[in-house]
$ cat final_14.csv   # CSV, C-alpha atoms
chain,number,residue,atom,x,y,z
H,1,MET,CA,-67.9,-110.0,-98.7
H,2,ARG,CA,-71.3,-111.8,-99.2
H,3,ILE,CA,-74.6,-111.1,-101.0
H,4,GLU,CA,-77.4,-113.7,-100.4
H,5,TYR,CA,-81.1,-114.5,-100.5
H,6,LEU,CA,-83.0,-116.6,-98.0
H,7,ASN,CA,-86.5,-118.1,-98.2
H,8,LEU,CA,-88.5,-119.6,-95.3
H,9,PRO,CA,-91.8,-120.8,-96.7
H,10,ASN,CA,-94.3,-122.6,-94.4
H,11,SER,CA,-97.0,-124.4,-96.2
H,12,SER,CA,-98.8,-125.4,-93.0
H,13,THR,CA,-99.3,-121.8,-91.6
H,14,LYS,CA,-98.9,-119.8,-94.8
H,15,ASN,CA,-96.4,-117.5,-93.1
H,16,SER,CA,-93.1,-116.9,-94.9
H,17,VAL,CA,-89.9,-114.9,-94.5
H,18,ASN,CA,-87.8,-113.7,-97.4
H,19,ARG,CA,-84.4,-112.1,-96.5
H,20,PHE,CA,-82.0,-110.1,-98.6
H,21,ARG,CA,-78.6,-109.7,-97.0
H,22,GLY,CA,-75.3,-108.0,-97.8
H,23,LEU,CA,-72.2,-107.9,-95.6
H,24,PHE,CA,-68.5,-107.2,-95.6
H,25,GLN,CA,-65.4,-107.4,-93.4
H,26,LEU,CA,-62.3,-105.6,-94.4
H,27,PRO,CA,-59.0,-106.2,-92.5
H,28,LEU,CA,-56.5,-103.3,-92.7
H,29,LYS,CA,-52.9,-104.2,-91.7
H,30,ILE,CA,-51.5,-101.6,-89.2
H,31,LYS,CA,-48.2,-103.4,-88.7
H,32,GLU,CA,-47.0,-106.9,-88.6
H,33,GLY,CA,-49.5,-109.0,-86.7
H,34,ASN,CA,-51.8,-106.1,-86.0
H,35,TYR,CA,-55.1,-105.5,-88.0
H,36,LEU,CA,-57.9,-103.0,-87.9
H,37,VAL,CA,-61.1,-104.7,-89.1
H,38,ILE,CA,-64.0,-102.7,-90.4
H,39,GLY,CA,-67.4,-104.4,-91.0
H,40,GLY,CA,-70.9,-103.7,-92.1
H,41,GLU,CA,-74.2,-105.6,-92.8
H,42,TYR,CA,-77.6,-104.8,-94.2
H,43,ARG,CA,-80.6,-107.1,-94.0
H,44,TYR,CA,-84.1,-106.5,-95.5
H,45,LEU,CA,-86.8,-109.0,-94.4
H,46,ASP,CA,-90.1,-109.3,-96.3
H,47,LEU,CA,-92.6,-110.8,-93.9
H,48,LYS,CA,-95.9,-112.5,-94.8
H,49,LEU,CA,-98.1,-112.9,-91.8
H,50,GLU,CA,-101.4,-114.8,-92.1
H,51,ASN,CA,-104.3,-115.4,-89.7
H,52,VAL,CA,-102.8,-113.3,-86.8
H,53,PRO,CA,-104.9,-111.2,-84.3
H,54,PHE,CA,-103.2,-107.9,-85.0
H,55,GLU,CA,-102.7,-105.5,-87.9
H,56,THR,CA,-99.8,-106.4,-90.2
H,57,HIS,CA,-99.6,-103.4,-92.5
H,58,ASP,CA,-96.7,-102.0,-90.5
H,59,LEU,CA,-95.0,-105.3,-90.2
H,60,GLN,CA,-94.7,-106.3,-93.8
H,61,SER,CA,-90.9,-105.7,-93.6
H,62,ILE,CA,-88.1,-105.1,-91.1
H,63,GLN,CA,-84.6,-103.9,-91.7
H,64,THR,CA,-81.3,-104.3,-89.9
H,65,ILE,CA,-78.3,-101.9,-90.5
H,66,GLU,CA,-75.0,-102.7,-88.6
H,67,GLY,CA,-71.6,-101.2,-88.5
H,68,ALA,CA,-68.6,-102.5,-86.4
H,69,ILE,CA,-64.9,-101.9,-85.9
H,70,GLY,CA,-62.5,-104.4,-84.4
H,71,TYR,CA,-58.8,-104.8,-83.6
H,72,LEU,CA,-56.8,-108.0,-83.9
H,73,VAL,CA,-53.3,-108.7,-82.7
H,74,LYS,CA,-51.0,-111.7,-83.0
H,75,LEU,CA,-48.7,-112.7,-80.2
H,76,LYS,CA,-45.1,-113.0,-81.3
H,77,GLU,CA,-43.8,-116.6,-81.6
H,78,SER,CA,-47.3,-117.9,-81.2
H,79,ASP,CA,-50.3,-119.3,-83.0
H,80,TRP,CA,-52.7,-117.1,-81.0
H,81,PHE,CA,-54.5,-114.0,-82.0
H,82,TYR,CA,-56.5,-111.8,-79.6
H,83,GLY,CA,-59.2,-109.4,-80.7
H,84,PHE,CA,-62.2,-107.3,-79.8
H,85,LYS,CA,-65.1,-105.6,-81.6
H,86,VAL,CA,-67.6,-102.8,-80.9
H,87,GLY,CA,-70.5,-101.9,-83.1
H,88,MET,CA,-74.0,-100.5,-83.4
H,89,ARG,CA,-77.1,-102.0,-85.0
H,90,LEU,CA,-80.4,-100.5,-86.1
H,91,ALA,CA,-83.2,-103.1,-86.1
H,92,SER,CA,-86.8,-102.0,-86.6
H,93,ASN,CA,-89.8,-101.9,-88.9
H,94,PHE,CA,-88.9,-98.2,-89.4
H,95,GLU,CA,-92.5,-96.9,-89.6
H,96,SER,CA,-91.5,-93.5,-88.2
H,97,LYS,CA,-88.4,-91.6,-87.1
H,98,LEU,CA,-85.7,-93.5,-85.2
H,99,ILE,CA,-86.4,-94.1,-81.5
H,100,SER,CA,-84.1,-95.4,-78.7
H,101,ASP,CA,-85.4,-99.0,-78.9
H,102,ASP,CA,-84.3,-99.2,-82.5
H,103,TYR,CA,-80.6,-99.0,-81.4
H,104,LEU,CA,-78.6,-102.0,-80.2
H,105,TYR,CA,-75.0,-101.8,-79.1
H,106,LEU,CA,-72.5,-104.7,-79.6
H,107,VAL,CA,-69.2,-105.7,-78.0
H,108,ALA,CA,-67.3,-109.0,-78.4
H,109,ALA,CA,-63.9,-110.4,-77.5
H,110,TYR,CA,-62.0,-113.3,-79.2
H,111,ALA,CA,-59.1,-115.6,-78.7
H,112,ILE,CA,-58.1,-117.4,-81.9
H,113,ARG,CA,-55.5,-120.2,-82.4
H,114,ASP,CA,-54.8,-120.5,-86.1
H,115,ARG,CA,-52.8,-123.5,-87.3
H,116,THR,CA,-54.2,-123.6,-90.9
H,117,LYS,CA,-51.0,-122.4,-92.7
H,118,GLU,CA,-48.9,-125.1,-94.4
H,119,GLY,CA,-46.5,-126.7,-92.0
H,120,ALA,CA,-48.2,-125.3,-88.9
H,121,ALA,CA,-49.7,-128.6,-87.9
H,122,ASP,CA,-50.0,-132.2,-89.2
H,123,LYS,CA,-53.8,-131.7,-89.4
H,124,PRO,CA,-54.5,-128.0,-90.1
H,125,ASN,CA,-57.0,-126.6,-87.5
H,126,ARG,CA,-58.4,-123.4,-86.1
H,127,LEU,CA,-59.9,-122.7,-82.6
H,128,ILE,CA,-62.0,-119.6,-81.8
H,129,LEU,CA,-63.2,-118.8,-78.3
H,130,GLY,CA,-65.0,-115.7,-77.2
H,131,LEU,CA,-67.9,-113.8,-75.7
H,132,ASP,CA,-70.5,-111.7,-77.5
H,133,TYR,CA,-72.8,-109.2,-75.8
H,134,SER,CA,-75.5,-106.9,-77.2
H,135,THR,CA,-78.1,-104.7,-75.6
H,136,THR,CA,-80.9,-106.8,-77.1
H,137,PRO,CA,-83.9,-106.4,-74.6
H,138,GLY,CA,-84.2,-109.3,-72.2
H,139,ARG,CA,-80.7,-110.7,-72.8
H,140,ASN,CA,-78.6,-109.2,-70.1
H,141,TYR,CA,-75.7,-111.6,-70.4
H,142,PRO,CA,-73.0,-112.4,-73.0
H,143,LEU,CA,-73.3,-115.4,-75.4
H,144,PRO,CA,-70.3,-117.7,-75.7
H,145,ILE,CA,-68.5,-118.1,-79.0
H,146,LEU,CA,-67.0,-121.5,-79.8
H,147,ASN,CA,-65.8,-122.8,-83.2
H,148,TYR,CA,-63.3,-125.5,-84.0
H,149,TYR,CA,-62.2,-126.3,-87.6
H,150,ARG,CA,-60.1,-129.2,-88.7
H,151,GLU,CA,-58.8,-130.7,-91.9
H,152,PHE,CA,-58.6,-134.4,-91.2
H,153,HIS,CA,-58.1,-135.7,-94.8
H,154,PRO,CA,-57.0,-134.0,-98.0
H,155,ASN,CA,-60.7,-133.9,-99.1
H,156,TRP,CA,-62.5,-133.8,-95.7
H,157,THR,CA,-62.9,-131.1,-93.1
H,158,TYR,CA,-65.3,-130.5,-90.2
H,159,THR,CA,-66.4,-127.6,-88.0
H,160,LEU,CA,-67.8,-127.9,-84.5
H,161,GLY,CA,-69.5,-125.0,-82.8
H,162,VAL,CA,-72.2,-122.3,-82.8
H,163,PRO,CA,-73.9,-121.1,-84.9
H,164,LYS,CA,-72.8,-123.8,-87.4
H,165,THR,CA,-71.5,-127.4,-87.3
H,166,ASN,CA,-70.7,-129.1,-90.5
H,167,LEU,CA,-68.9,-131.9,-92.3
H,168,ARG,CA,-67.5,-130.9,-95.7
H,169,TYR,CA,-66.2,-133.0,-98.7
H,170,LYS,CA,-64.2,-131.5,-101.5
H,171,PHE,CA,-64.7,-133.3,-104.9
H,172,ASN,CA,-62.1,-131.0,-106.4
H,173,ASN,CA,-61.0,-127.4,-106.2
H,174,LYS,CA,-64.3,-126.2,-107.7
H,175,ASN,CA,-67.0,-128.4,-106.2
H,176,HIS,CA,-67.6,-128.8,-102.4
H,177,VAL,CA,-70.6,-130.3,-100.6
H,178,GLN,CA,-71.5,-130.3,-96.9
H,179,ALA,CA,-73.9,-131.6,-94.3
H,180,PHE,CA,-74.7,-129.1,-91.5
H,181,VAL,CA,-76.7,-128.1,-88.5
H,182,THR,CA,-77.0,-124.4,-88.0
H,183,LEU,CA,-78.8,-121.6,-86.2
H,184,ASP,CA,-80.4,-118.6,-87.9
H,185,ASN,CA,-82.3,-115.7,-86.3
H,186,PHE,CA,-83.5,-112.1,-86.5
H,187,PHE,CA,-84.7,-109.5,-84.0
H,188,ALA,CA,-86.3,-106.1,-84.5
H,189,ASN,CA,-88.0,-103.4,-82.5
H,190,ILE,CA,-91.7,-102.7,-83.4
H,191,GLN,CA,-92.2,-99.0,-83.6
H,192,GLY,CA,-95.7,-98.3,-82.1
H,193,ASN,CA,-95.8,-101.7,-80.5
H,194,LYS,CA,-98.7,-104.2,-80.9
H,195,THR,CA,-101.5,-105.1,-78.6
H,196,VAL,CA,-102.5,-108.7,-78.5
H,197,ASN,CA,-105.1,-110.0,-76.1
H,198,GLY,CA,-104.6,-107.0,-73.9
H,199,LYS,CA,-100.8,-107.4,-73.8
H,200,HIS,CA,-98.2,-105.1,-75.4
H,201,ALA,CA,-95.6,-106.6,-77.8
H,202,GLU,CA,-92.5,-104.5,-78.3
H,203,ASN,CA,-90.4,-106.6,-80.6
H,204,ILE,CA,-90.5,-109.4,-83.2
H,205,SER,CA,-88.0,-112.2,-83.4
H,206,GLN,CA,-87.3,-115.6,-84.8
H,207,THR,CA,-84.8,-118.3,-83.8
H,208,ILE,CA,-84.6,-121.4,-85.9
H,209,ILE,CA,-82.4,-124.5,-85.7
H,210,LEU,CA,-81.8,-126.3,-89.0
H,211,GLY,CA,-80.3,-129.4,-90.5
H,212,GLY,CA,-79.5,-129.8,-94.2
H,213,LEU,CA,-77.1,-130.0,-97.1
H,214,GLY,CA,-75.1,-127.4,-99.0
H,215,TYR,CA,-73.2,-127.0,-102.2
H,216,GLU,CA,-70.4,-124.6,-103.1
H,217,TYR,CA,-68.9,-123.9,-106.5
H,218,TYR,CA,-65.7,-121.9,-106.8
H,219,PHE,CA,-65.4,-119.6,-109.8
H,220,ALA,CA,-61.9,-118.8,-108.6
H,221,GLU,CA,-59.8,-119.4,-105.5
H,222,HIS,CA,-61.5,-116.7,-103.5
H,223,LEU,CA,-64.9,-116.3,-105.3
H,224,LEU,CA,-67.7,-118.9,-104.9
H,225,TYR,CA,-71.4,-119.5,-105.2
H,226,TYR,CA,-73.2,-121.4,-102.4
H,227,GLY,CA,-76.7,-122.9,-102.0
H,228,TYR,CA,-78.2,-124.5,-98.9
H,229,ALA,CA,-81.4,-126.5,-98.4
H,230,ALA,CA,-82.5,-127.5,-95.0
H,231,TYR,CA,-85.5,-128.4,-92.7
H,232,SER,CA,-86.0,-126.9,-89.3
H,233,ILE,CA,-85.5,-128.8,-86.1
H,234,SER,CA,-86.9,-126.0,-84.0
H,235,ASN,CA,-88.8,-122.9,-85.0
H,236,ASP,CA,-89.5,-120.1,-82.5
H,237,TYR,CA,-91.1,-117.1,-84.2
H,238,ARG,CA,-92.8,-114.7,-81.8
H,239,LEU,CA,-93.9,-111.3,-80.6
H,240,ARG,CA,-92.4,-110.4,-77.2
H,241,ASN,CA,-92.1,-107.5,-74.8
H,242,ASN,CA,-88.8,-106.0,-73.7
H,243,LYS,CA,-88.6,-108.4,-70.7
H,244,ARG,CA,-88.6,-111.3,-73.2
H,245,ASP,CA,-92.0,-112.5,-72.1
H,246,ASP,CA,-93.9,-114.2,-74.9
H,247,ILE,CA,-96.9,-112.2,-76.1
H,248,TYR,CA,-97.9,-114.1,-79.2
H,249,THR,CA,-96.5,-117.2,-81.1
H,250,ILE,CA,-96.6,-116.4,-84.8
H,251,ASP,CA,-95.2,-119.8,-85.9
H,252,ASP,CA,-93.6,-122.8,-84.2
H,253,LYS,CA,-94.2,-125.3,-87.0
H,254,ASN,CA,-91.2,-126.8,-88.7
H,255,THR,CA,-90.5,-125.5,-92.2
H,256,LEU,CA,-88.2,-125.7,-95.3
H,257,TYR,CA,-85.3,-123.4,-95.6
H,258,PHE,CA,-83.4,-122.2,-98.7
H,259,ARG,CA,-80.4,-119.9,-98.8
H,260,THR,CA,-78.2,-118.9,-101.8
H,261,GLY,CA,-75.6,-116.3,-102.6
H,262,ILE,CA,-72.2,-115.2,-103.8
H,263,LYS,CA,-69.2,-114.9,-101.4
H,264,PHE,CA,-65.7,-113.4,-101.7
H,265,LYS,CA,-63.4,-114.7,-99.0
H,266,TYR,CA,-59.6,-114.6,-98.5

$ encode --input "final_14.csv" --output "structure tokens"
Amino acid sequence: MRIEYLNLPNSSTKNSVNRFRGLFQLPLKIKEGNYLVIGGEYRYLDLKLENVPFETHDLQSIQTIEGAIGYLVKLKESDWFYGFKVGMRLASNFESKLISDDYLYLVAAYAIRDRTKEGAADKPNRLILGLDYSTTPGRNYPLPILNYYREFHPNWTYTLGVPKTNLRYKFNNKNHVQAFVTLDNFFANIQGNKTVNGKHAENISQTIILGGLGYEYYFAEHLLYYGYAAYSISNDYRLRNNKRDDIYTIDDKNTLYFRTGIKFKY
């Protein structure tokens, strides 16, 4: 379970994004090695758009509401888990009643090799492979999931993959620091669309690649505070149509990035 706040200020363009986010994943044990996983997420984005050639009164905020259910099974006498997930997401500026373009449908499949328990491996590690597909307009293909985690020293771990790669150092049980490269993004339908230079924009999205430093403080074994500060390597903030054609570039200048929150994990 996580509650967090994100700020993307851009002093060069005066555009900014503020995001409030809450999410949870709850595993329910059905029988030994079999779990039903229920999840949900809510995002509220406050958008400040400056010097753009379209009206912004209906794009001052966008919201995302998501629900998902998954199933996870562990193979007997094995380190491997296999799972799948289905879900639905509403992503829109919600200026009127819901329309079909506000709905996105999600499906994902996973294979997980978990060797993090004591005695499972000399160097505890976890490998996650999978495919993730959604009905996001203009993306008619699944995205790969790749994540490899390894503890290579009592105080050092690393993770390789997407959306995050990091190197973490543990000073003690309460204080951890990390260097990371990560991907962050959002997508939402624009109810009513926008017309820019005679072209119709149907959605708004941002994909940003970042590098930075993070700090975690553990109040207890499973409850922690985290804070990240980063700078963008790539910033792609645009209006597009449903064929993913670029209609208008809101921002492509690099920017600072701040994210902080509270997390409960087990």

$ closest_residue --input "final_14.csv" --among "H:Ala111, H:Arg240, H:Gly227, H:Asp246" --to "Arg259 of chain H" --atoms "only C-alpha atoms"
H:Gly227

$ closest_atom_pairs --input "final_14.csv" --of "segment 232-256 of chain H" --to "segment 205-221 of chain H" --cutoff "8 Å" --atoms "all atoms listed in the file" --output "tab-separated table"
residue	atom	partner	partner_atom	distance
H:Ser232	CA	H:Leu210	CA	4.3
H:Ile233	CA	H:Ile209	CA	5.3
H:Ser234	CA	H:Ile209	CA	5.0
H:Asn235	CA	H:Ile208	CA	4.5
H:Asp236	CA	H:Thr207	CA	5.2
H:Tyr237	CA	H:Gln206	CA	4.1
H:Arg238	CA	H:Ser205	CA	5.6
H:Leu239	CA	H:Ser205	CA	6.6
H:Arg240	CA	H:Ser205	CA	7.8

$ closest_residue --input "final_14.csv" --among "H:Pro137, H:Pro124, H:Pro142, H:Gly67" --to "Pro154 of chain H" --atoms "all atoms listed in the file"
H:Pro124

$ residues_around --input "final_14.csv" --residues "Ser12 of chain H" --least-positions-apart "4" --cutoff "9 Å" --atoms "only C-alpha atoms" --output "PyMOL selection string"
chain H and resi 253-255

$ closest_residue --input "final_14.csv" --among "H:Ile30, H:Lys170, H:Ile204, H:Met1" --to "His222 of chain H" --atoms "all atoms listed in the file"
H:Met1

$ closest_residue --input "final_14.csv" --among "H:Asn93, H:Asn125, H:Thr13, H:Ser134" --to "Tyr105 of chain H" --atoms "all atoms listed in the file"
H:Ser134

$ residues_around --input "final_14.csv" --residues "segment 185-197 of chain H" --least-positions-apart "4" --cutoff "9 Å" --atoms "all atoms listed in the file" --output "PyMOL selection string"
chain H and resi 53-55+58-59+62-64+90-96+98-99+101-103+136+201-209+239+241+247-248

$ closest_residue --input "final_14.csv" --among "H:Asn51, H:Ser16, H:Asn175, H:Ser78" --to "Ile112 of chain H" --atoms "only C-alpha atoms"
H:Ser78

$ residues_around --input "final_14.csv" --residues "segment 39-47 of chain H" --least-positions-apart "3" --cutoff "10 Å" --atoms "only C-alpha atoms" --output "mmCIF file with C-alpha atoms, keeping the file's coordinate frame"
data_model
loop_
_atom_site.group_PDB
_atom_site.id
_atom_site.type_symbol
_atom_site.label_atom_id
_atom_site.label_comp_id
_atom_site.auth_asym_id
_atom_site.auth_seq_id
_atom_site.Cartn_x
_atom_site.Cartn_y
_atom_site.Cartn_z
ATOM 1 C CA MET H 1 -67.900 -110.000 -98.700
ATOM 2 C CA ARG H 2 -71.300 -111.800 -99.200
ATOM 3 C CA ILE H 3 -74.600 -111.100 -101.000
ATOM 4 C CA GLU H 4 -77.400 -113.700 -100.400
ATOM 5 C CA TYR H 5 -81.100 -114.500 -100.500
ATOM 6 C CA LEU H 6 -83.000 -116.600 -98.000
ATOM 7 C CA ASN H 7 -86.500 -118.100 -98.200
ATOM 8 C CA LEU H 8 -88.500 -119.600 -95.300
ATOM 9 C CA ASN H 15 -96.400 -117.500 -93.100
ATOM 10 C CA SER H 16 -93.100 -116.900 -94.900
ATOM 11 C CA VAL H 17 -89.900 -114.900 -94.500
ATOM 12 C CA ASN H 18 -87.800 -113.700 -97.400
ATOM 13 C CA ARG H 19 -84.400 -112.100 -96.500
ATOM 14 C CA PHE H 20 -82.000 -110.100 -98.600
ATOM 15 C CA ARG H 21 -78.600 -109.700 -97.000
ATOM 16 C CA GLY H 22 -75.300 -108.000 -97.800
ATOM 17 C CA LEU H 23 -72.200 -107.900 -95.600
ATOM 18 C CA PHE H 24 -68.500 -107.200 -95.600
ATOM 19 C CA GLN H 25 -65.400 -107.400 -93.400
ATOM 20 C CA LEU H 26 -62.300 -105.600 -94.400
ATOM 21 C CA PRO H 27 -59.000 -106.200 -92.500
ATOM 22 C CA GLU H 50 -101.400 -114.800 -92.100
ATOM 23 C CA THR H 56 -99.800 -106.400 -90.200
ATOM 24 C CA LEU H 59 -95.000 -105.300 -90.200
ATOM 25 C CA GLN H 60 -94.700 -106.300 -93.800
ATOM 26 C CA SER H 61 -90.900 -105.700 -93.600
ATOM 27 C CA ILE H 62 -88.100 -105.100 -91.100
ATOM 28 C CA GLN H 63 -84.600 -103.900 -91.700
ATOM 29 C CA THR H 64 -81.300 -104.300 -89.900
ATOM 30 C CA ILE H 65 -78.300 -101.900 -90.500
ATOM 31 C CA GLU H 66 -75.000 -102.700 -88.600
ATOM 32 C CA GLY H 67 -71.600 -101.200 -88.500
ATOM 33 C CA ALA H 68 -68.600 -102.500 -86.400
ATOM 34 C CA ILE H 69 -64.900 -101.900 -85.900
ATOM 35 C CA GLY H 70 -62.500 -104.400 -84.400
ATOM 36 C CA LYS H 85 -65.100 -105.600 -81.600
ATOM 37 C CA GLY H 87 -70.500 -101.900 -83.100
ATOM 38 C CA MET H 88 -74.000 -100.500 -83.400
ATOM 39 C CA ARG H 89 -77.100 -102.000 -85.000
ATOM 40 C CA LEU H 90 -80.400 -100.500 -86.100
ATOM 41 C CA ALA H 91 -83.200 -103.100 -86.100
ATOM 42 C CA ASN H 93 -89.800 -101.900 -88.900
ATOM 43 C CA PHE H 186 -83.500 -112.100 -86.500
#

$ closest_residue --input "final_14.csv" --among "H:Thr157, H:Tyr148, H:Leu72, H:Thr165" --to "Ile38 of chain H" --atoms "only C-alpha atoms"
H:Leu72

$ build_atoms --input "final_14.csv" --residues "segment 189-198 of chain H" --atoms "all heavy atoms" --output "PDB file, in the coordinates of the input"
ATOM      1  N   ASN H 189     -87.073-104.221 -83.282  1.00  0.00           N
ATOM      2  CA  ASN H 189     -88.000-103.400 -82.500  1.00  0.00           C
ATOM      3  C   ASN H 189     -89.281-103.173 -83.368  1.00  0.00           C
ATOM      4  O   ASN H 189     -89.203-103.062 -84.589  1.00  0.00           O
ATOM      5  CB  ASN H 189     -87.403-102.113 -82.102  1.00  0.00           C
ATOM      6  CG  ASN H 189     -88.358-101.251 -81.308  1.00  0.00           C
ATOM      7  OD1 ASN H 189     -88.924-101.691 -80.317  1.00  0.00           O
ATOM      8  ND2 ASN H 189     -88.568-100.025 -81.764  1.00  0.00           N
ATOM      9  N   ILE H 190     -90.437-103.099 -82.719  1.00  0.00           N
ATOM     10  CA  ILE H 190     -91.700-102.700 -83.400  1.00  0.00           C
ATOM     11  C   ILE H 190     -92.030-101.308 -82.987  1.00  0.00           C
ATOM     12  O   ILE H 190     -92.409-101.058 -81.832  1.00  0.00           O
ATOM     13  CB  ILE H 190     -92.849-103.674 -83.029  1.00  0.00           C
ATOM     14  CG1 ILE H 190     -92.502-105.123 -83.365  1.00  0.00           C
ATOM     15  CG2 ILE H 190     -94.115-103.247 -83.759  1.00  0.00           C
ATOM     16  CD1 ILE H 190     -93.558-106.119 -82.892  1.00  0.00           C
ATOM     17  N   GLN H 191     -91.855-100.365 -83.873  1.00  0.00           N
ATOM     18  CA  GLN H 191     -92.200 -99.000 -83.600  1.00  0.00           C
ATOM     19  C   GLN H 191     -93.770 -98.916 -83.451  1.00  0.00           C
ATOM     20  O   GLN H 191     -94.497 -99.365 -84.320  1.00  0.00           O
ATOM     21  CB  GLN H 191     -91.767 -98.058 -84.685  1.00  0.00           C
ATOM     22  CG  GLN H 191     -90.258 -97.914 -84.746  1.00  0.00           C
ATOM     23  CD  GLN H 191     -89.810 -96.893 -85.777  1.00  0.00           C
ATOM     24  OE1 GLN H 191     -90.579 -96.478 -86.647  1.00  0.00           O
ATOM     25  NE2 GLN H 191     -88.550 -96.479 -85.692  1.00  0.00           N
ATOM     26  N   GLY H 192     -94.236 -98.332 -82.342  1.00  0.00           N
ATOM     27  CA  GLY H 192     -95.700 -98.300 -82.100  1.00  0.00           C
ATOM     28  C   GLY H 192     -96.210 -99.449 -81.331  1.00  0.00           C
ATOM     29  O   GLY H 192     -97.344 -99.419 -80.853  1.00  0.00           O
ATOM     30  N   ASN H 193     -95.413-100.528 -81.243  1.00  0.00           N
ATOM     31  CA  ASN H 193     -95.800-101.700 -80.500  1.00  0.00           C
ATOM     32  C   ASN H 193     -97.067-102.372 -81.089  1.00  0.00           C
ATOM     33  O   ASN H 193     -97.687-101.857 -82.025  1.00  0.00           O
ATOM     34  CB  ASN H 193     -95.976-101.451 -79.020  1.00  0.00           C
ATOM     35  CG  ASN H 193     -94.703-100.907 -78.386  1.00  0.00           C
ATOM     36  OD1 ASN H 193     -93.601-101.201 -78.856  1.00  0.00           O
ATOM     37  ND2 ASN H 193     -94.860-100.125 -77.325  1.00  0.00           N
ATOM     38  N   LYS H 194     -97.456-103.505 -80.528  1.00  0.00           N
ATOM     39  CA  LYS H 194     -98.700-104.200 -80.900  1.00  0.00           C
ATOM     40  C   LYS H 194     -99.404-104.622 -79.631  1.00  0.00           C
ATOM     41  O   LYS H 194     -98.774-104.988 -78.633  1.00  0.00           O
ATOM     42  CB  LYS H 194     -98.348-105.465 -81.725  1.00  0.00           C
ATOM     43  CG  LYS H 194     -97.794-105.207 -83.106  1.00  0.00           C
ATOM     44  CD  LYS H 194     -98.848-104.615 -84.013  1.00  0.00           C
ATOM     45  CE  LYS H 194     -98.287-104.333 -85.385  1.00  0.00           C
ATOM     46  NZ  LYS H 194     -99.287-103.649 -86.240  1.00  0.00           N
ATOM     47  N   THR H 195    -100.720-104.584 -79.674  1.00  0.00           N
ATOM     48  CA  THR H 195    -101.500-105.100 -78.600  1.00  0.00           C
ATOM     49  C   THR H 195    -102.234-106.331 -78.976  1.00  0.00           C
ATOM     50  O   THR H 195    -102.997-106.347 -79.948  1.00  0.00           O
ATOM     51  CB  THR H 195    -102.541-104.007 -78.114  1.00  0.00           C
ATOM     52  OG1 THR H 195    -101.853-102.820 -77.716  1.00  0.00           O
ATOM     53  CG2 THR H 195    -103.363-104.518 -76.942  1.00  0.00           C
ATOM     54  N   VAL H 196    -101.951-107.423 -78.232  1.00  0.00           N
ATOM     55  CA  VAL H 196    -102.500-108.700 -78.500  1.00  0.00           C
ATOM     56  C   VAL H 196    -103.131-109.274 -77.245  1.00  0.00           C
ATOM     57  O   VAL H 196    -102.415-109.476 -76.256  1.00  0.00           O
ATOM     58  CB  VAL H 196    -101.479-109.709 -79.092  1.00  0.00           C
ATOM     59  CG1 VAL H 196    -102.150-111.017 -79.500  1.00  0.00           C
ATOM     60  CG2 VAL H 196    -100.735-109.103 -80.268  1.00  0.00           C
ATOM     61  N   ASN H 197    -104.445-109.485 -77.241  1.00  0.00           N
ATOM     62  CA  ASN H 197    -105.100-110.000 -76.100  1.00  0.00           C
ATOM     63  C   ASN H 197    -104.831-109.185 -74.806  1.00  0.00           C
ATOM     64  O   ASN H 197    -104.612-109.716 -73.713  1.00  0.00           O
ATOM     65  CB  ASN H 197    -104.774-111.472 -75.830  1.00  0.00           C
ATOM     66  CG  ASN H 197    -105.156-112.367 -76.998  1.00  0.00           C
ATOM     67  OD1 ASN H 197    -106.181-112.140 -77.645  1.00  0.00           O
ATOM     68  ND2 ASN H 197    -104.338-113.366 -77.283  1.00  0.00           N
ATOM     69  N   GLY H 198    -104.787-107.865 -74.996  1.00  0.00           N
ATOM     70  CA  GLY H 198    -104.600-107.000 -73.900  1.00  0.00           C
ATOM     71  C   GLY H 198    -103.128-106.817 -73.431  1.00  0.00           C
ATOM     72  O   GLY H 198    -102.846-106.080 -72.476  1.00  0.00           O
TER      73      GLY H 198
END
